[in-house]
file coords.csv (CSV, C-alpha atoms and all ligand atoms)
chain,number,residue,atom,x,y,z
A,2,MET,CA,180.0,57.6,80.0
A,3,PRO,CA,179.4,59.3,83.3
A,4,LEU,CA,180.1,57.3,86.3
A,5,ASP,CA,176.7,55.7,86.9
A,6,ALA,CA,176.3,53.5,89.9
A,7,ARG,CA,173.1,52.0,88.4
A,8,ASP,CA,174.9,50.7,85.3
A,9,GLN,CA,177.8,49.5,87.3
A,10,THR,CA,175.7,47.7,89.8
A,11,GLU,CA,173.7,46.1,87.0
A,12,SER,CA,176.7,44.8,85.3
A,13,ARG,CA,178.1,43.6,88.6
A,14,THR,CA,175.1,41.7,90.0
A,15,GLY,CA,172.3,42.1,87.5
A,16,THR,CA,170.0,43.6,90.1
A,17,ASP,CA,169.7,46.8,92.1
A,18,PRO,CA,170.2,46.6,95.8
A,19,ASP,CA,167.1,46.2,98.0
A,20,PHE,CA,168.3,49.0,100.2
A,21,ALA,CA,169.4,52.3,98.7
A,22,ILE,CA,171.0,53.2,102.0
A,23,GLU,CA,171.9,50.9,104.8
A,24,ALA,CA,173.5,51.8,108.2
A,25,LYS,CA,174.5,49.2,110.8
A,26,GLY,CA,175.7,50.1,114.2
A,27,LEU,CA,176.6,53.5,112.8
A,28,THR,CA,178.2,55.6,115.5
A,29,LYS,CA,179.7,59.1,115.5
A,30,VAL,CA,181.4,60.7,118.4
A,31,TYR,CA,182.6,64.2,117.9
A,32,LYS,CA,185.7,65.0,119.8
A,33,GLY,CA,185.2,67.6,122.5
A,34,GLN,CA,186.6,71.1,121.8
A,35,GLY,CA,187.7,73.4,124.6
A,36,LYS,CA,185.2,73.1,127.4
A,37,SER,CA,182.6,71.1,125.6
A,38,GLY,CA,183.0,67.3,126.1
A,39,GLU,CA,182.8,64.8,123.4
A,40,LYS,CA,179.4,64.3,121.7
A,41,ARG,CA,177.9,61.0,120.7
A,42,ALA,CA,175.9,62.4,117.8
A,43,LEU,CA,175.0,58.9,116.4
A,44,ASP,CA,174.7,56.0,118.7
A,45,ASN,CA,174.6,52.6,117.1
A,46,VAL,CA,172.1,53.5,114.4
A,47,ASP,CA,170.6,50.7,112.3
A,48,LEU,CA,168.6,52.0,109.4
A,49,GLN,CA,167.6,50.5,106.1
A,50,ILE,CA,166.1,52.7,103.5
A,51,PRO,CA,164.4,50.6,100.8
A,52,ARG,CA,165.2,51.3,97.2
A,53,GLY,CA,162.4,53.5,95.7
A,54,SER,CA,161.1,54.9,98.9
A,55,LEU,CA,160.5,58.5,99.9
A,56,PHE,CA,161.9,58.3,103.3
A,57,GLY,CA,161.5,61.0,106.0
A,58,LEU,CA,164.1,61.3,108.8
A,59,LEU,CA,162.6,63.3,111.6
A,60,GLY,CA,164.1,64.5,114.8
A,61,PRO,CA,164.5,67.6,117.0
A,62,ASN,CA,167.4,70.0,116.7
A,63,GLY,CA,170.7,68.2,117.5
A,64,ALA,CA,169.2,64.7,117.1
A,65,GLY,CA,171.9,63.6,114.6
A,66,LYS,CA,170.1,64.0,111.3
A,67,SER,CA,172.8,66.1,109.5
A,68,THR,CA,175.5,63.9,111.0
A,69,PHE,CA,173.9,60.9,109.4
A,70,ILE,CA,173.5,62.6,106.1
A,71,ASN,CA,177.0,64.1,106.2
A,72,ILE,CA,178.5,60.6,106.7
A,73,LEU,CA,176.7,59.5,103.6
A,74,ALA,CA,178.0,62.5,101.8
A,75,GLY,CA,181.5,61.8,102.8
A,76,LEU,CA,181.7,65.1,104.7
A,77,VAL,CA,181.9,63.5,108.2
A,78,VAL,CA,184.0,60.4,109.1
A,79,LYS,CA,182.1,57.8,111.1
A,80,THR,CA,183.6,56.6,114.4
A,81,SER,CA,182.4,53.0,114.0
A,82,GLY,CA,179.8,50.8,112.3
A,83,SER,CA,178.9,50.7,108.6
A,84,ALA,CA,177.2,53.0,106.1
A,85,LYS,CA,176.4,51.8,102.6
A,86,ILE,CA,175.0,53.6,99.7
A,87,TRP,CA,173.6,51.5,96.8
A,88,GLY,CA,175.5,48.6,98.3
A,89,TYR,CA,178.8,50.4,98.5
A,90,GLU,CA,180.5,51.1,101.8
A,91,VAL,CA,181.1,54.8,101.9
A,92,GLU,CA,184.6,54.7,103.2
A,93,ASP,CA,185.8,51.6,101.3
A,94,ASN,CA,184.3,52.5,98.0
A,95,PRO,CA,183.9,56.3,98.0
A,96,ARG,CA,183.9,56.7,94.2
A,97,MET,CA,181.0,54.3,93.7
A,98,ALA,CA,179.2,55.5,96.8
A,99,LYS,CA,179.4,59.1,95.7
A,100,ALA,CA,178.3,58.4,92.2
A,101,ALA,CA,175.1,56.8,93.6
A,102,ILE,CA,174.1,59.8,95.7
A,103,GLY,CA,173.2,63.4,95.4
A,104,VAL,CA,173.3,65.4,98.6
A,105,VAL,CA,171.7,68.7,99.3
A,106,PRO,CA,173.3,69.9,102.5
A,107,GLN,CA,171.5,71.9,105.2
A,108,GLU,CA,174.0,74.8,104.8
A,109,LEU,CA,173.6,77.1,101.9
A,110,ASN,CA,177.1,77.2,100.6
A,111,ILE,CA,177.0,78.7,97.1
A,112,ASP,CA,179.8,80.5,95.2
A,113,PRO,CA,178.3,84.0,94.8
A,114,PHE,CA,180.1,84.7,91.5
A,115,PHE,CA,178.8,81.8,89.5
A,116,THR,CA,175.4,81.8,87.7
A,117,PRO,CA,173.0,78.9,88.2
A,118,GLU,CA,173.8,77.7,84.7
A,119,GLU,CA,177.6,77.8,85.3
A,120,MET,CA,177.2,76.1,88.6
A,121,LEU,CA,175.3,73.2,87.2
A,122,ASP,CA,177.8,72.9,84.4
A,123,VAL,CA,180.8,72.9,86.8
A,124,GLN,CA,179.1,70.3,89.0
A,125,ALA,CA,178.4,68.1,86.0
A,126,GLY,CA,182.0,68.4,85.0
A,127,LEU,CA,183.1,67.3,88.5
A,128,TYR,CA,181.1,64.2,88.1
A,129,GLY,CA,182.4,63.5,84.7
A,130,VAL,CA,179.1,63.9,82.9
A,131,PRO,CA,180.0,64.6,79.2
A,132,LYS,CA,178.7,67.8,77.7
A,133,ALA,CA,176.3,65.9,75.4
A,134,GLU,CA,174.7,64.2,78.3
A,135,ARG,CA,174.2,67.2,80.6
A,136,ARG,CA,170.7,68.1,81.4
A,137,THR,CA,171.3,71.7,82.5
A,138,ASP,CA,168.1,73.0,80.8
A,139,ALA,CA,165.9,70.3,82.2
A,140,ILE,CA,167.3,70.8,85.7
A,141,LEU,CA,166.9,74.6,85.6
A,142,GLU,CA,163.3,74.0,84.6
A,143,THR,CA,162.7,71.5,87.4
A,144,ILE,CA,164.1,73.9,90.0
A,145,GLY,CA,162.3,76.9,88.5
A,146,LEU,CA,165.4,78.9,87.8
A,147,THR,CA,165.3,79.0,84.0
A,148,ASP,CA,164.8,82.8,84.0
A,149,LYS,CA,167.7,83.2,86.5
A,150,ARG,CA,170.1,81.0,84.6
A,151,GLY,CA,172.4,83.9,83.9
A,152,ALA,CA,172.1,85.8,87.2
A,153,TYR,CA,174.9,85.9,89.7
A,154,ALA,CA,174.1,83.5,92.6
A,155,ARG,CA,174.6,86.3,95.1
A,156,THR,CA,171.5,88.0,93.6
A,157,LEU,CA,169.4,84.9,94.3
A,158,SER,CA,167.0,84.7,97.2
A,159,GLY,CA,167.5,82.1,99.9
A,160,GLY,CA,164.8,79.9,98.5
A,161,MET,CA,166.3,80.1,95.0
A,162,ARG,CA,169.7,79.2,96.4
A,163,ARG,CA,168.3,76.2,98.1
A,164,ARG,CA,166.6,75.1,94.8
A,165,LEU,CA,169.9,75.6,93.1
A,166,LEU,CA,171.6,73.3,95.5
A,167,ILE,CA,168.9,70.7,94.8
A,168,GLY,CA,169.7,71.1,91.1
A,169,LYS,CA,173.4,70.6,91.8
A,170,ALA,CA,172.7,67.4,93.5
A,171,MET,CA,170.8,66.1,90.4
A,172,VAL,CA,173.4,66.7,87.7
A,173,HIS,CA,174.8,63.2,87.7
A,174,ASP,CA,171.3,61.7,87.8
A,175,PRO,CA,172.0,59.7,91.0
A,176,PRO,CA,169.6,56.9,92.0
A,177,VAL,CA,169.6,58.3,95.6
A,178,LEU,CA,168.8,61.9,96.5
A,179,VAL,CA,169.4,63.1,100.0
A,180,LEU,CA,167.9,66.4,101.1
A,181,ASP,CA,168.8,67.9,104.5
A,182,GLU,CA,166.0,70.3,105.5
A,183,PRO,CA,165.2,71.1,101.8
A,184,THR,CA,162.4,73.5,102.5
A,185,ALA,CA,163.9,75.5,105.3
A,186,GLY,CA,163.4,79.1,104.4
A,187,VAL,CA,161.5,78.3,101.2
A,188,ASP,CA,158.1,80.0,101.0
A,189,ILE,CA,154.9,78.0,101.0
A,190,GLU,CA,154.2,78.2,97.3
A,191,LEU,CA,157.7,77.2,96.3
A,192,ARG,CA,157.8,74.6,99.0
A,193,GLN,CA,154.8,73.0,97.4
A,194,GLN,CA,156.5,73.1,94.0
A,195,LEU,CA,159.6,71.7,95.4
A,196,TRP,CA,157.7,68.8,96.9
A,197,GLU,CA,156.0,68.1,93.7
A,198,ASN,CA,159.3,67.9,92.0
A,199,VAL,CA,160.6,65.5,94.7
A,200,VAL,CA,157.5,63.4,94.4
A,201,GLU,CA,157.9,63.3,90.7
A,202,LEU,CA,161.6,62.2,90.9
A,203,ASN,CA,160.6,59.5,93.4
A,204,LYS,CA,157.8,58.3,91.1
A,205,ARG,CA,160.4,58.0,88.3
A,206,GLY,CA,162.5,55.7,90.5
A,207,THR,CA,164.8,58.0,92.5
A,208,THR,CA,165.1,57.0,96.2
A,209,VAL,CA,164.7,60.1,98.3
A,210,LEU,CA,165.8,60.6,101.9
A,211,LEU,CA,164.9,63.9,103.5
A,212,THR,CA,165.0,65.5,106.8
A,213,THR,CA,162.4,68.0,107.7
A,214,HIS,CA,161.0,69.8,110.7
A,215,TYR,CA,157.7,70.1,108.9
A,216,LEU,CA,156.0,67.1,110.3
A,217,GLU,CA,152.9,67.5,108.3
A,218,GLU,CA,154.9,67.5,105.1
A,219,ALA,CA,156.6,64.2,106.1
A,220,GLN,CA,153.2,62.9,107.0
A,221,GLU,CA,151.8,63.9,103.6
A,222,LEU,CA,154.7,62.9,101.4
A,223,CYS,CA,156.8,60.2,102.8
A,224,ASP,CA,156.0,56.5,102.6
A,225,ARG,CA,158.4,55.5,105.4
A,226,ILE,CA,159.5,57.5,108.4
A,227,ALA,CA,162.2,57.1,111.0
A,228,ILE,CA,162.4,59.3,114.1
A,229,ILE,CA,165.8,59.9,115.6
A,230,ASN,CA,166.5,61.5,119.0
A,231,ASN,CA,169.8,61.9,120.9
A,232,GLY,CA,171.5,59.9,118.1
A,233,GLN,CA,169.3,56.9,118.4
A,234,VAL,CA,166.5,55.7,116.2
A,235,VAL,CA,163.4,55.7,118.3
A,236,ALA,CA,160.9,54.7,115.6
A,237,HIS,CA,161.1,53.4,112.1
A,238,ASP,CA,158.1,52.3,110.2
A,239,ASP,CA,155.8,52.5,107.3
A,240,LYS,CA,154.0,55.8,107.7
A,241,ARG,CA,150.6,54.2,108.0
A,242,HIS,CA,151.7,51.9,110.7
A,243,LEU,CA,153.4,54.7,112.5
A,244,LEU,CA,150.3,56.8,112.4
A,245,GLY,CA,148.2,53.7,113.2
A,246,ARG,CA,150.1,53.5,116.5
A,247,LEU,CA,148.2,56.6,117.5
A,248,ASP,CA,144.9,55.7,115.9
A,249,ALA,CA,143.1,57.7,118.4
A,250,LYS,CA,141.1,60.9,118.5
A,251,THR,CA,139.1,62.5,121.2
A,252,VAL,CA,135.8,64.3,120.8
A,253,ARG,CA,134.7,66.7,123.5
A,254,VAL,CA,131.0,67.6,123.6
A,255,THR,CA,129.1,70.0,125.7
A,256,VAL,CA,125.3,69.3,125.8
A,257,ARG,CA,122.6,71.4,127.3
A,258,GLU,CA,121.2,68.5,129.4
A,259,ASN,CA,122.2,67.7,132.9
A,260,LEU,CA,123.3,64.0,132.6
A,261,THR,CA,124.1,61.7,135.5
A,262,ASP,CA,123.8,58.5,133.4
A,263,ILE,CA,125.1,57.8,129.9
A,264,PRO,CA,122.1,57.7,127.5
A,265,ALA,CA,121.7,54.3,125.8
A,266,PRO,CA,122.6,55.4,122.3
A,267,LEU,CA,125.9,56.7,123.5
A,268,GLN,CA,126.9,53.7,125.6
A,269,PRO,CA,128.7,51.9,122.8
A,270,PHE,CA,131.1,54.8,122.6
A,271,ASN,CA,132.0,54.5,126.2
A,272,PRO,CA,132.0,58.3,127.0
A,273,THR,CA,133.3,59.8,130.2
A,274,ILE,CA,131.5,62.5,131.9
A,275,GLN,CA,134.1,64.7,133.4
A,276,SER,CA,134.0,65.0,137.1
A,277,ASP,CA,133.5,68.7,136.7
A,278,GLY,CA,131.4,67.8,133.7
A,279,VAL,CA,128.1,69.0,135.0
A,280,GLU,CA,128.4,72.7,135.0
A,281,ALA,CA,126.5,75.2,137.2
A,282,ASP,CA,123.8,75.8,134.6
A,283,GLY,CA,123.3,72.0,134.2
A,284,ARG,CA,125.3,71.5,131.0
A,285,THR,CA,127.3,68.3,130.7
A,286,VAL,CA,130.8,68.0,129.2
A,287,MET,CA,131.6,64.5,127.8
A,288,THR,CA,134.7,63.2,126.2
A,289,ILE,CA,134.7,60.3,123.8
A,290,ALA,CA,137.8,58.6,122.6
A,291,TYR,CA,137.6,56.7,119.3
A,292,ARG,CA,139.7,55.2,116.6
A,293,PRO,CA,139.4,57.1,113.3
A,294,SER,CA,140.2,54.0,111.4
A,295,SER,CA,137.0,52.3,112.5
A,296,MET,CA,134.6,55.2,113.3
A,297,THR,CA,133.9,58.8,112.3
A,298,ALA,CA,133.0,61.8,114.4
A,299,GLY,CA,129.7,61.8,112.5
A,300,GLU,CA,128.6,58.6,114.0
A,301,ILE,CA,129.1,60.1,117.4
A,302,ILE,CA,127.1,63.1,116.5
A,303,ASN,CA,124.3,60.8,115.2
A,304,ALA,CA,124.2,59.0,118.5
A,305,LEU,CA,124.0,62.3,120.3
A,306,ASN,CA,121.0,63.2,118.1
A,307,VAL,CA,119.3,59.9,118.6
A,308,ALA,CA,119.7,60.4,122.4
A,309,ASN,CA,117.9,63.8,121.9
A,310,LEU,CA,120.8,65.8,123.4
A,311,THR,CA,121.3,69.4,122.4
A,312,ILE,CA,124.9,70.0,121.3
A,313,LEU,CA,126.2,73.3,122.5
A,314,ASP,CA,129.8,72.8,121.6
A,315,LEU,CA,132.0,70.1,120.0
A,316,SER,CA,135.7,69.8,119.4
A,317,THR,CA,138.0,67.1,118.2
A,318,GLU,CA,141.6,66.6,119.1
A,319,GLU,CA,143.7,65.4,116.3
A,320,THR,CA,146.6,63.0,116.8
A,321,ASP,CA,149.2,63.1,114.1
A,322,LEU,CA,152.8,62.5,113.6
A,323,GLU,CA,153.5,65.4,115.8
A,324,ASP,CA,152.0,63.5,118.7
A,325,ILE,CA,154.0,60.4,117.9
A,326,PHE,CA,157.1,62.6,117.6
A,327,LEU,CA,156.5,64.3,120.9
A,328,GLN,CA,155.7,61.0,122.7
A,329,LEU,CA,158.8,59.3,121.4
A,330,THR,CA,161.2,62.1,121.8
A,331,SER,CA,160.1,63.0,125.3
A,332,ARG,CA,160.2,59.3,126.4
A,333,SER,CA,163.7,58.8,125.2
A,334,LYS,CA,165.0,61.9,126.9
A,335,GLY,CA,165.0,60.5,130.4
B,401,LIG,N1,181.5,69.3,113.9
B,401,LIG,C1,180.9,69.0,115.1
B,401,LIG,N2,181.7,69.0,116.2
B,401,LIG,C2,181.2,68.8,117.4
B,401,LIG,N3,179.9,68.5,117.6
B,401,LIG,C3,179.1,68.5,116.6
B,401,LIG,C4,179.5,68.8,115.2
B,401,LIG,N4,178.5,68.7,114.4
B,401,LIG,C5,177.4,68.4,115.1
B,401,LIG,N5,177.7,68.3,116.4
B,401,LIG,C6,176.8,67.9,117.5
B,401,LIG,O1,176.2,66.7,117.2
B,401,LIG,C7,174.9,66.7,117.6
B,401,LIG,C8,174.0,66.3,116.3
B,401,LIG,O2,174.1,67.4,115.4
B,401,LIG,P1,173.4,67.3,114.0
B,401,LIG,O3,173.8,68.5,113.2
B,401,LIG,O4,173.7,66.0,113.4
B,401,LIG,O5,171.9,67.4,114.4
B,401,LIG,P2,170.5,67.6,113.5
B,401,LIG,O6,169.6,66.5,113.9
B,401,LIG,O7,170.9,67.8,112.1
B,401,LIG,O8,170.0,69.0,114.1
B,401,LIG,P3,169.2,70.2,113.3
B,401,LIG,O9,167.7,69.8,113.3
B,401,LIG,O10,169.4,71.4,114.2
B,401,LIG,O11,169.8,70.4,112.0
B,401,LIG,C9,174.6,68.0,118.2
B,401,LIG,O12,174.7,67.9,119.6
B,401,LIG,C10,175.7,68.9,117.6
B,401,LIG,O13,176.0,69.9,118.5
B,402,MG,MG,170.7,69.3,110.7

call {"tool": "encode", "arguments": {"input": "coords.csv", "output": "structure tokens", "more": "lines below"}}
Ligand SMILES: Nc1ncnc2c1ncn2[C@@H]1O[C@H](COP(=O)(O)OP(=O)(O)OP(=O)(O)O)[C@@H](O)[C@H]1O
Ligand SMILES: [Mg+2]
result
Amino acid sequence: MPLDARDQTESRTGTDPDFAIEAKGLTKVYKGQGKSGEKRALDNVDLQIPRGSLFGLLGPNGAGKSTFINILAGLVVKTSGSAKIWGYEVEDNPRMAKAAIGVVPQELNIDPFFTPEEMLDVQAGLYGVPKAERRTDAILETIGLTDKRGAYARTLSGGMRRRLLIGKAMVHDPPVLVLDEPTAGVDIELRQQLWENVVELNKRGTTVLLTTHYLEEAQELCDRIAIINNGQVVAHDDKRHLLGRLDAKTVRVTVRENLTDIPAPLQPFNPTIQSDGVEADGRTVMTIAYRPSSMTAGEIINALNVANLTILDLSTEETDLEDIFLQLTSRSKG
């Protein structure tokens, strides 16, 4: 039998843990080297990643994302606090913690003289997966490298290497998969395919933690999102709640008419006529803020029509995760 944290946990407690990953007061201070002083890369991080979630960890360069993931992977030693995987403290119970997690590191470190097939086999061996239980073919299929199974890794493209690393992380069928910037350098089509695989794994019960710079992907895929900046968690919420915090859009309309008062049909929308709104040729520029959760831009256009105004130009400003991200990360900089 391979070391399977799920079986072990079940026999131990009869239930899976509520949190696949749990950090409490997790802190990492890198010692200064030469001129550079010490760096507090993680500062008292509390983070609970529910079992079964597809969790996005977002943050700008140097925020501490990889440090967090590398502590889970056992590659970086924490300074203080606690980090648990599947209920096992990483440092106290490294064997069980490691068995429960598959980590795809940000760096593409691949032995150039192995083929994908060999690499998956060696990795399975390292995890004690018996030959009869290895899923090399299925994994090669999942990562789209079946036709490259016998090619030397050095002949693989960057995107293929990254997919191979994802395959390596899956050999022991861990209940938790952690991906650090999994789609960096992967082209759009393959990225789409990769995401589909990740979503599929998640649907089948694997908890997924990923970091990404592609906010729109996190927005599309993840059900929970945490934002980290300067080693601190600045937001952690259900995606809908997080986006709901910025449930605001702005419509900017230019109408031909020269308006001094707000026409009655538009009054419920509480528009502002910009101080420079009435242009030389008599046009008026109005901005209307609204909550997309309770109103559509169409209703505003209807009101403009009812008011008999001639729309010359209309634009909406989106608010999305990016706005939240920028708001939160700029606020916590000061
Ligand atoms: N081995 C190390 N020694 C010293 N400082 C380090 C080390 N590794 C990371 N750091 C510093 O810790 C901070 C967090 O780095 P980390 O790699 O965790 O950020 P990140 O969020 O993954 O960034 P990116 O988005 O660029 O991957 C940075 O200031 C980085 O310079
Ligand atoms: Mg990183």

call {"tool": "closest_residue", "arguments": {"input": "coords.csv", "among": "A:Met171, A:Ala98, A:Ile229, A:Met120", "to": "ligand MG 402 (chain B)", "atoms": "only C-alpha atoms and all ligand atoms"}}
result
A:Ile229

call {"tool": "residues_around", "arguments": {"input": "coords.csv", "residues": "region 254-257 of chain A", "least_positions_apart": "5", "cutoff": "12 Å", "atoms": "all atoms listed in the file", "output": "PDB file with C-alpha atoms, keeping the file's coordinate frame"}}
result
ATOM      1  CA  PRO A 272     132.000  58.300 127.000  1.00  0.00           C
ATOM      2  CA  THR A 273     133.300  59.800 130.200  1.00  0.00           C
ATOM      3  CA  ILE A 274     131.500  62.500 131.900  1.00  0.00           C
ATOM      4  CA  GLN A 275     134.100  64.700 133.400  1.00  0.00           C
ATOM      5  CA  ASP A 277     133.500  68.700 136.700  1.00  0.00           C
ATOM      6  CA  GLY A 278     131.400  67.800 133.700  1.00  0.00           C
ATOM      7  CA  VAL A 279     128.100  69.000 135.000  1.00  0.00           C
ATOM      8  CA  GLU A 280     128.400  72.700 135.000  1.00  0.00           C
ATOM      9  CA  ALA A 281     126.500  75.200 137.200  1.00  0.00           C
ATOM     10  CA  ASP A 282     123.800  75.800 134.600  1.00  0.00           C
ATOM     11  CA  GLY A 283     123.300  72.000 134.200  1.00  0.00           C
ATOM     12  CA  ARG A 284     125.300  71.500 131.000  1.00  0.00           C
ATOM     13  CA  THR A 285     127.300  68.300 130.700  1.00  0.00           C
ATOM     14  CA  VAL A 286     130.800  68.000 129.200  1.00  0.00           C
ATOM     15  CA  MET A 287     131.600  64.500 127.800  1.00  0.00           C
ATOM     16  CA  THR A 288     134.700  63.200 126.200  1.00  0.00           C
ATOM     17  CA  ILE A 289     134.700  60.300 123.800  1.00  0.00           C
ATOM     18  CA  ALA A 290     137.800  58.600 122.600  1.00  0.00           C
ATOM     19  CA  ALA A 298     133.000  61.800 114.400  1.00  0.00           C
ATOM     20  CA  ILE A 301     129.100  60.100 117.400  1.00  0.00           C
ATOM     21  CA  ILE A 302     127.100  63.100 116.500  1.00  0.00           C
ATOM     22  CA  LEU A 305     124.000  62.300 120.300  1.00  0.00           C
ATOM     23  CA  ASN A 306     121.000  63.200 118.100  1.00  0.00           C
ATOM     24  CA  ALA A 308     119.700  60.400 122.400  1.00  0.00           C
ATOM     25  CA  ASN A 309     117.900  63.800 121.900  1.00  0.00           C
ATOM     26  CA  LEU A 310     120.800  65.800 123.400  1.00  0.00           C
ATOM     27  CA  THR A 311     121.300  69.400 122.400  1.00  0.00           C
ATOM     28  CA  ILE A 312     124.900  70.000 121.300  1.00  0.00           C
ATOM     29  CA  LEU A 313     126.200  73.300 122.500  1.00  0.00           C
ATOM     30  CA  ASP A 314     129.800  72.800 121.600  1.00  0.00           C
ATOM     31  CA  LEU A 315     132.000  70.100 120.000  1.00  0.00           C
ATOM     32  CA  SER A 316     135.700  69.800 119.400  1.00  0.00           C
ATOM     33  CA  THR A 317     138.000  67.100 118.200  1.00  0.00           C
ATOM     34  CA  GLU A 318     141.600  66.600 119.100  1.00  0.00           C
TER      35      GLU A 318
END

call {"tool": "closest_residue", "arguments": {"input": "coords.csv", "among": "A:Gly88, A:Pro61, A:Pro175, A:Gly186", "to": "Gln49 (chain A)", "atoms": "all atoms listed in the file"}}
result
A:Gly88

call {"tool": "residues_near_point", "arguments": {"input": "coords.csv", "point": "(174.2, 79.1, 84.4)", "cutoff": "10 Å", "atoms": "only C-alpha atoms", "output": "compact mmCIF listing (two decimals) with C-alpha atoms, in the coordinates of the input"}}
result
# COMPACT_ATOMS: atom_id res chain seq x y z
CA PHE A 115 178.80 81.80 89.50
CA THR A 116 175.40 81.80 87.70
CA PRO A 117 173.00 78.90 88.20
CA GLU A 118 173.80 77.70 84.70
CA GLU A 119 177.60 77.80 85.30
CA MET A 120 177.20 76.10 88.60
CA LEU A 121 175.30 73.20 87.20
CA ASP A 122 177.80 72.90 84.40
CA VAL A 123 180.80 72.90 86.80
CA THR A 137 171.30 71.70 82.50
CA ASP A 138 168.10 73.00 80.80
CA LEU A 141 166.90 74.60 85.60
CA LEU A 146 165.40 78.90 87.80
CA THR A 147 165.30 79.00 84.00
CA LYS A 149 167.70 83.20 86.50
CA ARG A 150 170.10 81.00 84.60
CA GLY A 151 172.40 83.90 83.90
CA ALA A 152 172.10 85.80 87.20
CA TYR A 153 174.90 85.90 89.70
CA ALA A 154 174.10 83.50 92.60

call {"tool": "residues_around", "arguments": {"input": "coords.csv", "residues": "region 38-47 of chain A", "least_positions_apart": "3", "cutoff": "10 Å", "atoms": "all atoms listed in the file", "output": "ChimeraX atom specification"}}
result
/A:23-35,63-69,79-84,229-235,237

call {"tool": "residues_near_point", "arguments": {"input": "coords.csv", "point": "(156.3, 58.7, 112.6)", "cutoff": "12 Å", "atoms": "all atoms listed in the file", "output": "PyMOL selection string"}}
result
chain A and resi 56-60+216-221+223-229+234-247+320-330

call {"tool": "closest_residue", "arguments": {"input": "coords.csv", "among": "A:Asp262, A:Glu197, A:Asp181, A:Glu90", "to": "ligand LIG 401 (chain B)", "atoms": "only C-alpha atoms and all ligand atoms"}}
result
A:Asp181

call {"tool": "closest_residue", "arguments": {"input": "coords.csv", "among": "A:Pro183, A:Gly129, A:Pro176, A:Gly53", "to": "ligand MG 402 (chain B)", "atoms": "only C-alpha atoms and all ligand atoms"}}
result
A:Pro183

call {"tool": "closest_residue", "arguments": {"input": "coords.csv", "among": "A:Ala249, A:Leu157, A:Ala125, A:Ile70", "to": "ligand MG 402 (chain B)", "atoms": "all atoms listed in the file"}}
result
A:Ile70

call {"tool": "atom_distance", "arguments": {"input": "coords.csv", "atom1": "atom O12 of ligand LIG 401 (chain B)", "atom2": "CA of Ser37 (chain A)"}}
result
10.4 Å

call {"tool": "closest_residue", "arguments": {"input": "coords.csv", "among": "A:Asp93, A:Asp19, A:Glu142, A:Asp112", "to": "Asn198 (chain A)", "atoms": "only C-alpha atoms"}}
result
A:Glu142

call {"tool": "atom_distance", "arguments": {"input": "coords.csv", "atom1": "CA of Asn271 (chain A)", "atom2": "CA of Val252 (chain A)"}}
result
11.8 Å

call {"tool": "atom_distance", "arguments": {"input": "coords.csv", "atom1": "CA of Asp148 (chain A)", "atom2": "CA of Ala101 (chain A)"}}
result
29.6 Å
